[in-house]
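A.B. asks: Structure file input_38.csv (CSV, C-alpha atoms and all ligand atoms) is given on the next line.
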chain,number,residue,atom,x,y,z
A,1,MET,CA,2.5,138.0,142.5
A,2,ARG,CA,4.2,141.4,142.0
A,3,PRO,CA,6.9,141.7,139.3
A,4,GLU,CA,9.5,142.6,142.0
A,5,GLU,CA,8.9,139.3,143.7
A,6,ALA,CA,9.3,137.3,140.5
A,7,ARG,CA,12.4,139.3,139.5
A,8,GLY,CA,14.0,138.8,142.9
A,9,LEU,CA,14.1,135.0,142.5
A,10,SER,CA,17.3,133.1,141.7
A,11,GLY,CA,15.6,129.7,141.3
A,12,LEU,CA,12.6,127.5,141.5
A,13,VAL,CA,12.4,124.3,143.7
A,14,PHE,CA,9.6,122.0,142.6
A,15,ASP,CA,7.9,118.8,143.7
A,16,LEU,CA,7.3,116.1,141.1
A,17,ASP,CA,4.2,114.0,141.9
A,18,ASP,CA,0.9,115.8,141.4
A,19,THR,CA,2.9,119.1,141.0
A,20,LEU,CA,5.0,118.8,137.8
A,21,LEU,CA,3.7,115.3,137.0
A,22,GLU,CA,0.0,114.5,136.3
A,23,HIS,CA,-0.8,111.2,138.1
A,24,GLY,CA,2.8,110.1,137.6
A,25,GLU,CA,3.1,111.2,134.0
A,26,LEU,CA,5.0,114.1,132.5
A,27,THR,CA,3.0,116.1,130.1
A,28,GLU,CA,4.4,118.1,127.2
A,29,VAL,CA,3.2,121.5,128.6
A,30,ALA,CA,4.8,120.8,132.0
A,31,TYR,CA,8.1,119.7,130.5
A,32,THR,CA,8.3,122.5,128.0
A,33,SER,CA,7.8,125.0,130.9
A,34,LEU,CA,11.1,123.9,132.4
A,35,PHE,CA,12.9,125.2,129.4
A,36,ARG,CA,11.1,128.6,129.6
A,37,LEU,CA,11.9,128.9,133.3
A,38,ARG,CA,15.6,128.2,132.6
A,39,GLU,CA,15.7,130.7,129.8
A,40,ALA,CA,14.2,133.2,132.3
A,41,GLY,CA,17.4,132.8,134.3
A,42,LEU,CA,16.1,130.6,137.1
A,43,ARG,CA,18.1,127.8,138.7
A,44,LEU,CA,15.9,124.6,138.6
A,45,VAL,CA,15.9,122.1,141.4
A,46,ALA,CA,13.6,119.1,141.6
A,47,CYS,CA,12.6,118.1,145.2
A,48,THR,CA,10.8,114.9,145.6
A,49,GLY,CA,10.0,112.0,147.8
A,50,ARG,CA,10.9,109.7,144.9
A,51,PRO,CA,14.0,107.5,145.0
A,52,ALA,CA,17.6,108.7,144.6
A,53,GLY,CA,17.9,106.5,141.6
A,54,TRP,CA,15.2,108.5,139.9
A,55,ALA,CA,16.8,111.8,140.8
A,56,GLU,CA,20.1,110.6,139.3
A,57,VAL,CA,18.5,110.0,135.9
A,58,LEU,CA,16.5,113.3,136.0
A,59,VAL,CA,19.5,115.4,136.7
A,60,ARG,CA,21.5,113.8,133.9
A,61,GLN,CA,18.7,114.1,131.3
A,62,TRP,CA,16.5,117.1,132.1
A,63,PRO,CA,17.1,120.8,132.1
A,64,LEU,CA,17.8,120.8,135.9
A,65,ASP,CA,20.7,122.1,138.0
A,66,ALA,CA,20.1,119.7,140.9
A,67,ALA,CA,17.7,117.3,142.3
A,68,ILE,CA,16.8,116.4,145.9
A,69,ALA,CA,15.3,112.9,146.5
A,70,GLU,CA,13.8,110.9,149.3
A,71,ASN,CA,12.3,114.0,150.9
A,72,GLY,CA,15.6,115.8,151.5
A,73,ALA,CA,17.9,112.9,152.4
A,74,VAL,CA,19.8,112.7,149.1
A,75,ALA,CA,20.9,115.3,146.6
A,76,PHE,CA,22.7,115.4,143.2
A,77,VAL,CA,24.1,118.4,141.4
A,78,LYS,CA,24.9,118.7,137.7
A,79,GLU,CA,28.4,120.1,137.1
A,80,ARG,CA,29.1,121.4,133.6
A,81,ARG,CA,32.5,120.8,132.1
A,82,PRO,CA,34.4,122.6,129.3
A,83,PHE,CA,33.8,119.6,127.1
A,84,GLY,CA,31.8,116.4,127.1
A,85,ALA,CA,28.7,115.6,129.1
A,86,PRO,CA,28.0,117.3,132.4
A,87,ARG,CA,29.0,115.3,135.4
A,88,LEU,CA,26.7,114.3,138.2
A,89,ARG,CA,27.9,114.7,141.8
A,90,LEU,CA,26.3,113.2,144.9
A,91,VAL,CA,26.2,116.1,147.4
A,92,PHE,CA,24.8,114.1,150.3
A,93,PRO,CA,24.5,111.8,152.2
A,94,ALA,CA,28.3,111.6,152.8
A,95,ASP,CA,28.1,107.9,153.9
A,96,LEU,CA,25.9,106.0,151.5
A,97,ALA,CA,26.8,102.6,153.0
A,98,ALA,CA,25.7,103.7,156.5
A,99,ALA,CA,22.5,105.1,155.2
A,100,GLY,CA,21.7,101.9,153.3
A,101,ALA,CA,22.7,99.6,156.2
A,102,ARG,CA,19.6,100.5,158.3
A,103,ARG,CA,17.2,100.0,155.4
A,104,ALA,CA,16.7,96.4,156.4
A,105,GLU,CA,15.1,97.5,159.7
A,106,LEU,CA,12.8,99.9,157.8
A,107,ARG,CA,11.9,97.1,155.4
A,108,ALA,CA,10.9,94.8,158.2
A,109,LEU,CA,8.7,97.5,159.6
A,110,ALA,CA,7.2,98.2,156.2
A,111,GLU,CA,6.4,94.6,155.7
A,112,GLU,CA,4.8,94.4,159.1
A,113,LEU,CA,2.6,97.4,158.3
A,114,VAL,CA,1.5,95.9,155.0
A,115,ARG,CA,0.4,92.7,156.9
A,116,ARG,CA,-1.5,94.8,159.4
A,117,PHE,CA,-3.1,97.3,157.0
A,118,PRO,CA,-4.3,95.5,153.8
A,119,THR,CA,-5.1,98.9,152.2
A,120,VAL,CA,-1.4,99.6,151.6
A,121,ALA,CA,1.4,97.9,149.7
A,122,LEU,CA,5.2,98.3,149.4
A,123,ALA,CA,5.8,101.1,146.8
A,124,ASP,CA,7.0,99.8,143.5
A,125,ASP,CA,10.1,102.1,143.5
A,126,ASN,CA,11.9,100.9,146.6
A,127,SER,CA,14.7,99.2,144.6
A,128,ALA,CA,16.0,102.7,143.6
A,129,ARG,CA,16.0,104.1,147.1
A,130,PHE,CA,19.2,104.8,149.1
A,131,THR,CA,17.8,105.8,152.5
A,132,ASP,CA,14.1,105.2,153.1
A,133,VAL,CA,11.5,102.5,152.6
A,134,THR,CA,8.2,103.6,151.2
A,135,LEU,CA,4.6,102.4,151.3
A,136,ASP,CA,2.1,103.0,148.5
A,137,ILE,CA,-1.0,104.8,150.0
A,138,GLY,CA,-2.3,106.5,147.0
A,139,GLU,CA,-0.5,105.6,143.8
A,140,HIS,CA,-2.0,102.2,143.1
A,141,CYS,CA,-3.6,101.7,146.5
A,142,ARG,CA,-6.3,103.9,148.3
A,143,ALA,CA,-5.4,103.9,152.0
A,144,PRO,CA,-7.9,105.7,154.2
A,145,ALA,CA,-6.6,108.6,156.3
A,146,GLU,CA,-7.1,106.7,159.5
A,147,ASP,CA,-4.9,103.8,158.3
A,148,VAL,CA,-2.2,106.3,157.4
A,149,ALA,CA,-2.5,108.0,160.8
A,150,ALA,CA,-2.3,104.6,162.6
A,151,MET,CA,0.8,103.6,160.6
A,152,ARG,CA,2.5,106.9,161.3
A,153,ALA,CA,1.8,106.5,165.0
A,154,GLU,CA,3.3,102.9,165.0
A,155,ALA,CA,6.4,104.1,163.2
A,156,SER,CA,6.8,107.0,165.6
A,157,ARG,CA,6.7,104.5,168.5
A,158,ARG,CA,9.7,102.7,166.8
A,159,ASN,CA,11.6,106.1,166.4
A,160,VAL,CA,11.1,106.0,162.7
A,161,HIS,CA,10.3,109.3,160.9
A,162,THR,CA,7.4,109.5,158.5
A,163,LEU,CA,6.4,111.8,155.7
A,164,ALA,CA,3.2,111.4,153.6
A,165,SER,CA,2.6,112.7,150.1
A,166,SER,CA,-0.4,112.2,147.9
A,167,VAL,CA,0.9,108.8,146.8
A,168,HIS,CA,3.4,107.6,149.4
A,169,LEU,CA,4.1,107.1,153.1
A,170,HIS,CA,7.9,107.2,153.6
A,171,LEU,CA,9.7,105.5,156.6
A,172,SER,CA,13.1,106.8,157.4
A,173,PHE,CA,15.7,107.2,160.2
A,174,ASP,CA,16.8,110.5,158.6
A,175,PRO,CA,14.9,113.5,160.0
A,176,ALA,CA,15.5,115.5,156.8
A,177,ASP,CA,12.5,117.2,155.1
A,178,LYS,CA,12.2,119.1,151.9
A,179,ALA,CA,13.1,122.4,153.5
A,180,THR,CA,16.3,121.2,155.3
A,181,GLY,CA,17.4,119.2,152.3
A,182,THR,CA,16.9,122.1,149.9
A,183,LEU,CA,18.7,124.6,152.0
A,184,ARG,CA,21.5,122.1,152.6
A,185,LEU,CA,21.9,121.5,148.9
A,186,LEU,CA,21.7,125.1,147.9
A,187,GLU,CA,24.5,126.0,150.3
A,188,ALA,CA,26.7,123.0,149.6
A,189,ALA,CA,26.4,123.0,145.8
A,190,PHE,CA,25.9,126.7,145.0
A,191,GLY,CA,27.2,128.6,148.0
A,192,GLU,CA,23.8,130.1,148.8
A,193,ASP,CA,23.4,131.5,152.3
A,194,PRO,CA,20.4,129.5,153.8
A,195,THR,CA,18.7,132.6,155.3
A,196,ARG,CA,18.9,134.5,152.0
A,197,ALA,CA,17.9,131.4,150.0
A,198,ARG,CA,14.6,131.3,151.8
A,199,LEU,CA,13.8,134.6,150.1
A,200,THR,CA,15.4,134.1,146.7
A,201,TYR,CA,14.2,130.6,145.9
A,202,ALA,CA,10.5,129.8,145.2
A,203,PHE,CA,9.0,126.5,146.1
A,204,VAL,CA,6.0,124.8,144.4
A,205,GLY,CA,4.3,121.7,145.7
A,206,ASP,CA,1.0,120.0,146.4
A,207,SER,CA,0.7,118.0,149.6
A,208,GLY,CA,1.8,116.9,153.1
A,209,ASN,CA,5.5,116.2,152.4
A,210,ASP,CA,5.8,119.7,151.1
A,211,ALA,CA,4.7,121.2,154.4
A,212,ALA,CA,8.2,122.1,155.7
A,213,ALA,CA,9.1,123.8,152.4
A,214,PHE,CA,5.8,125.8,152.4
A,215,ALA,CA,6.8,127.0,155.9
A,216,ALA,CA,10.4,127.7,155.1
A,217,PHE,CA,10.4,129.7,151.9
A,218,THR,CA,8.9,133.1,151.4
A,219,THR,CA,7.6,132.7,147.8
A,220,THR,CA,5.6,129.5,147.9
A,221,ILE,CA,3.0,128.2,145.4
A,222,GLY,CA,0.6,125.3,145.5
A,223,VAL,CA,-0.9,123.8,142.4
A,224,ALA,CA,-4.7,123.8,142.6
A,225,ASN,CA,-4.9,120.3,144.0
A,226,VAL,CA,-3.1,121.5,147.1
A,227,ARG,CA,-6.6,122.7,148.3
A,228,ALA,CA,-7.4,119.2,149.5
A,229,TYR,CA,-4.3,119.3,151.8
A,230,LEU,CA,-4.7,122.8,153.2
A,231,PRO,CA,-6.3,121.6,156.5
A,232,MET,CA,-3.2,119.6,157.3
A,233,LEU,CA,-0.6,122.2,156.2
A,234,PRO,CA,0.6,124.3,159.2
A,235,VAL,CA,1.6,127.1,156.8
A,236,PRO,CA,-0.4,127.3,153.5
A,237,PRO,CA,1.4,128.2,150.2
A,238,LYS,CA,1.3,132.0,149.6
A,239,TYR,CA,-0.2,131.5,146.1
A,240,VAL,CA,-2.4,128.8,144.6
A,241,THR,CA,-2.6,128.2,140.8
A,242,GLN,CA,-6.0,128.0,139.1
A,243,ALA,CA,-5.1,124.8,137.3
A,244,ALA,CA,-4.1,121.5,138.9
A,245,MET,CA,-0.9,119.4,138.7
A,246,GLY,CA,1.2,119.8,135.5
A,247,ARG,CA,-1.1,122.4,134.0
A,248,GLY,CA,-0.8,124.4,137.3
A,249,PHE,CA,3.0,124.1,137.1
A,250,ALA,CA,2.8,125.5,133.5
A,251,GLU,CA,0.5,128.3,134.7
A,252,LEU,CA,3.1,129.2,137.3
A,253,ALA,CA,5.9,129.1,134.8
A,254,THR,CA,4.1,131.4,132.4
A,255,THR,CA,3.4,133.8,135.2
A,256,LEU,CA,7.0,133.9,136.5
A,257,VAL,CA,8.5,134.2,133.0
A,258,ASP,CA,6.1,137.1,132.0
A,259,LEU,CA,6.7,138.9,135.3
A,260,ARG,CA,10.5,138.6,134.9
A,261,VAL,CA,10.5,140.4,131.6
A,262,PRO,CA,12.0,143.9,132.2
A,263,PRO,CA,9.5,146.7,131.8
A,264,GLY,CA,9.5,148.4,128.4
B,301,MG,MG,3.5,115.9,145.4
Represent the structure from my file as structure tokens, please.
Ligand SMILES: [Mg+2]
C.D. replies:
Amino acid sequence: MRPEEARGLSGLVFDLDDTLLEHGELTEVAYTSLFRLREAGLRLVACTGRPAGWAEVLVRQWPLDAAIAENGAVAFVKERRPFGAPRLRLVFPADLAAAGARRAELRALAEELVRRFPTVALADDNSARFTDVTLDIGEHCRAPAEDVAAMRAEASRRNVHTLASSVHLHLSFDPADKATGTLRLLEAAFGEDPTRARLTYAFVGDSGNDAAAFAAFTTTIGVANVRAYLPMLPVPPKYVTQAAMGRGFAELATTLVDLRVPPG
């Protein structure tokens, strides 16, 4: 990456599982790098397929400006106040009750799929979700690719959208993805023009549910483990780190911070 590209960035949007996190766990080197990125003047936005309830906690506690959950369907922003703790604001969806009402249908489909495909299970984080219902295909289970493809085809026949990450298969009636959700959040919360934001925000991820963001943003980075998913990404990330997962994220952070230091 050239220094001009790093210096032209306003923020970094990052995936959690197998990008910042290492098999679900946060390492010291990855967490520390968030503080270095913030000191380098970058707005930090987590963008994950994980539940809204998780994003709510992360925005409250971590050095983040905002978080997008459930693959773009839900977003929270942190609003700093003259005194006291920052406040958390739900940016979207506007109608949480409506979004939640249809989850029973998704739950029924998910349970049917679990009966038909013994290689998968209901994900253990569904209780914190607002909009989708999620199956475990790679977190505690090991679902073969053909089972995942068959489940996606069945969901599609029922007009249910699917997105797959390295760990989860998400079922949703919301067609949002990480690109639409991120651009929507950046405009609604920070007044960023969506066309310009594609140039001024970098995105880092690792797998299939990051595909839309890899295609939408100009500065895109995959951590090294993205290589396993390159055949199924229509647009590959522009850069790939040498290290995998959280260590790859830290490598990216060091690179960005160093490149943003003004010459001399
Ligand atoms: Mg991931």
A.B. asks: Measure the distance from CA of Thr218 in chain A to CA of Leu37 in chain A in Å and round it to one decimal.
C.D. replies: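 For CA of Thr218 in chain A relative to CA of Leu37 in chain A, the distance reads 18.8 Å.
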A.B. asks: Go through A:Met232, A:Ala213, A:Cys141, A:Leu64 and flag the residue nearest Phe117 in chain A, using all atoms listed in the file for the distances.
C.D. replies: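 For Phe117 in chain A, the nearest of the candidates is A:Cys141.
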A.B. asks: In Å, rounded to a single decimal, give me how far CA of Ile137 in chain A is from CA of Thr220 in chain A.
C.D. replies: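 Computing the Euclidean distance for CA of Thr220 in chain A and CA of Ile137 in chain A yields 25.7 Å.
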A.B. asks: Write out, as JSON lines, each residue of chain A that has an atom at most 10 Å from ligand MG 301 (chain B), together with the closest pair of atoms and their distance in Å to one decimal, counting only C-alpha atoms and all ligand atoms, rows going by chain and rising number.
C.D. replies:
{"residue": "A:Phe14", "atom": "CA", "partner": "B:MG301", "partner_atom": "MG", "distance": 9.1}
{"residue": "A:Asp15", "atom": "CA", "partner": "B:MG301", "partner_atom": "MG", "distance": 5.5}
{"residue": "A:Leu16", "atom": "CA", "partner": "B:MG301", "partner_atom": "MG", "distance": 5.7}
{"residue": "A:Asp17", "atom": "CA", "partner": "B:MG301", "partner_atom": "MG", "distance": 4.0}
{"residue": "A:Asp18", "atom": "CA", "partner": "B:MG301", "partner_atom": "MG", "distance": 4.8}
{"residue": "A:Thr19", "atom": "CA", "partner": "B:MG301", "partner_atom": "MG", "distance": 5.5}
{"residue": "A:Leu20", "atom": "CA", "partner": "B:MG301", "partner_atom": "MG", "distance": 8.3}
{"residue": "A:Leu21", "atom": "CA", "partner": "B:MG301", "partner_atom": "MG", "distance": 8.4}
{"residue": "A:Glu22", "atom": "CA", "partner": "B:MG301", "partner_atom": "MG", "distance": 9.8}
{"residue": "A:His23", "atom": "CA", "partner": "B:MG301", "partner_atom": "MG", "distance": 9.7}
{"residue": "A:Gly24", "atom": "CA", "partner": "B:MG301", "partner_atom": "MG", "distance": 9.7}
{"residue": "A:Cys47", "atom": "CA", "partner": "B:MG301", "partner_atom": "MG", "distance": 9.4}
{"residue": "A:Thr48", "atom": "CA", "partner": "B:MG301", "partner_atom": "MG", "distance": 7.4}
{"residue": "A:Gly49", "atom": "CA", "partner": "B:MG301", "partner_atom": "MG", "distance": 8.0}
{"residue": "A:Arg50", "atom": "CA", "partner": "B:MG301", "partner_atom": "MG", "distance": 9.7}
{"residue": "A:Ala164", "atom": "CA", "partner": "B:MG301", "partner_atom": "MG", "distance": 9.4}
{"residue": "A:Ser165", "atom": "CA", "partner": "B:MG301", "partner_atom": "MG", "distance": 5.8}
{"residue": "A:Ser166", "atom": "CA", "partner": "B:MG301", "partner_atom": "MG", "distance": 5.9}
{"residue": "A:Val167", "atom": "CA", "partner": "B:MG301", "partner_atom": "MG", "distance": 7.7}
{"residue": "A:His168", "atom": "CA", "partner": "B:MG301", "partner_atom": "MG", "distance": 9.2}
{"residue": "A:Val204", "atom": "CA", "partner": "B:MG301", "partner_atom": "MG", "distance": 9.3}
{"residue": "A:Gly205", "atom": "CA", "partner": "B:MG301", "partner_atom": "MG", "distance": 5.9}
{"residue": "A:Asp206", "atom": "CA", "partner": "B:MG301", "partner_atom": "MG", "distance": 4.9}
{"residue": "A:Ser207", "atom": "CA", "partner": "B:MG301", "partner_atom": "MG", "distance": 5.5}
{"residue": "A:Gly208", "atom": "CA", "partner": "B:MG301", "partner_atom": "MG", "distance": 7.9}
{"residue": "A:Asn209", "atom": "CA", "partner": "B:MG301", "partner_atom": "MG", "distance": 7.3}
{"residue": "A:Asp210", "atom": "CA", "partner": "B:MG301", "partner_atom": "MG", "distance": 7.2}
{"residue": "A:Gly222", "atom": "CA", "partner": "B:MG301", "partner_atom": "MG", "distance": 9.8}
{"residue": "A:Val223", "atom": "CA", "partner": "B:MG301", "partner_atom": "MG", "distance": 9.5}
{"residue": "A:Asn225", "atom": "CA", "partner": "B:MG301", "partner_atom": "MG", "distance": 9.6}
{"residue": "A:Val226", "atom": "CA", "partner": "B:MG301", "partner_atom": "MG", "distance": 8.8}
{"residue": "A:Met245", "atom": "CA", "partner": "B:MG301", "partner_atom": "MG", "distance": 8.7}
A.B. asks: Measure the distance from CA of Ala30 in chain A to CA of Leu252 in chain A in Å and round it to one decimal.
C.D. replies: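 These two atoms are separated by 10.1 Å.
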A.B. asks: Between A:Pro82, A:Pro144, A:Gly53, A:Pro175, which has the minimum distance to His161 in chain A (counting all atoms listed in the file)?
C.D. replies: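 Smallest distance to His161 in chain A is found for A:Pro175.
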A.B. asks: For Pro3 in chain A, please output as a PyMOL selection string all residues within 10 Å (counting all atoms listed in the file; exclusion window: fewer than 5 positions along the same chain).
C.D. replies: chain A and resi 8+255-263
A.B. asks: Can you work out which one of A:Gly100, A:Pro231, A:Gly181, A:Gly246 has the shortest atom-to-atom distance to Asn126 in chain A, counting all atoms listed in the file?
C.D. replies: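 When distances to Asn126 in chain A are compared using all atoms listed in the file, the smallest one comes from A:Gly100.
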A.B. asks: From the set A:Ala123, A:Ala40, A:Ala52, A:Val74, which residue has the shortest atom-to-atom contact distance to Lys178 in chain A, counting all atoms listed in the file?
C.D. replies: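 Closest to Lys178 in chain A, using all atoms listed in the file: A:Val74.
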A.B. asks: Give the answer as one residue: which of A:Trp62, A:Phe249, A:Tyr201, A:Phe130 has the shortest atom-to-atom distance to Ala6 in chain A, using only C-alpha atoms?
C.D. replies: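 Checking each candidate against Ala6 in chain A, we get A:Tyr201 as the closest.
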A.B. asks: Kindly provide, as a ChimeraX atom specification, the polymer residues lying within 9 Å of (12.0, 101.7, 164.8), counting only C-alpha atoms and using the coordinates exactly as they appear in the file.
C.D. replies: /A:105-106,109,154-161,173
A.B. asks: Using all atoms listed in the file, determine which residues lie at most 6 Å from Leu169 in chain A, disregarding the query and same-chain residues fewer than 2 positions distant; provide the list as a list in words.
C.D. replies: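 Skipping anything fewer than 2 positions along the chain leaves Thr134, Leu135, Leu163 and Ala164 of chain A.
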A.B. asks: Of the residues A:Leu44, A:Val29, A:Phe83, A:Val91, which is the one nearest to Ala189 in chain A, using only C-alpha atoms?
C.D. replies: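 Once distances to Ala189 in chain A are computed over only C-alpha atoms, the minimum belongs to A:Val91.
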A.B. asks: Anything within 10 Å of (16.9, 132.2, 142.7): list those residues as a ChimeraX atom specification, counting only C-alpha atoms and sticking to the file's coordinates.
C.D. replies: /A:6-13,41-44,192,196-202
